[in-house]
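Chemist: Below is the structure I would like to discuss, written out as structure tokens.
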Amino acid sequence: MDAETAQDIQLLTRAAGGDRTAFADLFDRHASVVLGVLVSLVRDRAAAEELLQDTFLQAWNEAERYRPARATPRGWLVMMARSRAIDLLRSQGARMKREVAVGPELLGDGTVGPVGTDEIEADERRRAVLAALQGLPVEQRQCIELAFYGGLSHRQVADRLEQPLGTVKSRILLGMRRLKEALAP
Amino acid sequence: MMADRDLNLRELLPLYALGALEEPERRDVEAELERDPSLEAELARWVAQVEALAESVPPVPPSETVRARLLAALPHRSASVAARSWMGWAAAAVLALVAGWLAWGNVGLRSELETRLAERDAEATRAARLASELADTRIRLERLVLAHEIVAAPGARGVRLAGLAGAAAQTYVDPGSRRAVFYASHLPPAPDERTYQLWFIADGEPVSAGVFEVGPEGEATLLVEDVAPMESIQAWAVTVEPEGGVPQPTGEMVLKG
């Protein structure tokens, strides 16, 4: 476990005990990444900020149920945020056929470019992940992009690509495995 | 069908981490994670990939307003099932507006623009409050369901705590899940800047089980994860401690069982 994660776990533990300052620190450390993910999914800054607030409120209320064995605090926050955004998208999808634009390069307004040292490091990581994605076979990349950036379920991905469900599941699984290998330190 | 799903549950973990599963598979994976903790480490590896993908998206710093609104909307830390007061949030919102107004200083400069901004903020606060209330209700419901599962679990054991005249309290431990639920009624509110803290004594050592607040009727509920094995718990106790709780008991013991 790296020092950052250990510090996050400590902050979350203090938040679980009612420490608001610790929780505010946790917000400051991760809100930008979480909001970036939300904006990329819902493509609406106001809706994304509302989801961000819901996500962190849920994190405050459920801090005592966080399990370090399952995810880092940031992974936990990202998953909670995505789950909320995906619920919203799927409820909208029931009313209208949503156009799914995939890929981080297609983000809407409101994104802010890197400026400081931390941001440069973040930008390097971003490039590494994008390069790893680019290195995947196109059919695997397509499935992962539709699921991650588009918030589609495996069934929706299968419909969209007119492929059998089993094929889509295997492509996501294989793609995620390759991604893991490509990003291994 | 079920057998087929069972066979593939491990393979569904990356899809679960991506949020790409629908019901009932999502629920199946969650149930399996509860049943087989060895899957947790594997899930953590997939969540790390999702985190990496999250890093591929440019970060978007939230506005100061969102941060302030969130921090103002945090309910007081409590596992109490008691209904949380809407009035508390409303009062906080009004206080925030009044404080903002006073800080503005020169009342004469308040133009229609500020009034409209205040109205917009009030609307936003109301919307945030509704969202908070909804999330809060959902969580309370989940807690109630969980509390019921603990009490109804096979082998669950109850311990009665006593000490405060008129107050009643009980702890149930589910030996299977190592979870416990604590219920109390007719408790007086904790003194100012103090909080109640629940402890279990395992192998002679007190272990904090969390702090709790008391509802308007003197009731409180606290869910406890990862309690010590039931046979090693010798007692349960409630002490009065500084707000936020302490690692080792320092205050007066008010309930014991």
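Identifiers in the structure tokens: chain A, B, ... in order shown; residue index from 1 per chain; ligand index from 1 in order shown.
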Within 9 Å of Gly210 of chain B, counting only C-alpha atoms, which residues qualify if same-chain residues fewer than 4 places away don't, as a list in words?
Modeler: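 These residues fall inside the cut-off: Ala16 and Gly17 of chain A; Ala79, Tyr196, Gln197, Leu198, Trp199, Leu222, Leu223, Val224 and Gly245 of chain B.
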Chemist: For atom CA of Leu89 of chain A and atom CA of Glu123 of chain B, quote the distance in Å rounded to one decimal.
Modeler: 23.9 Å
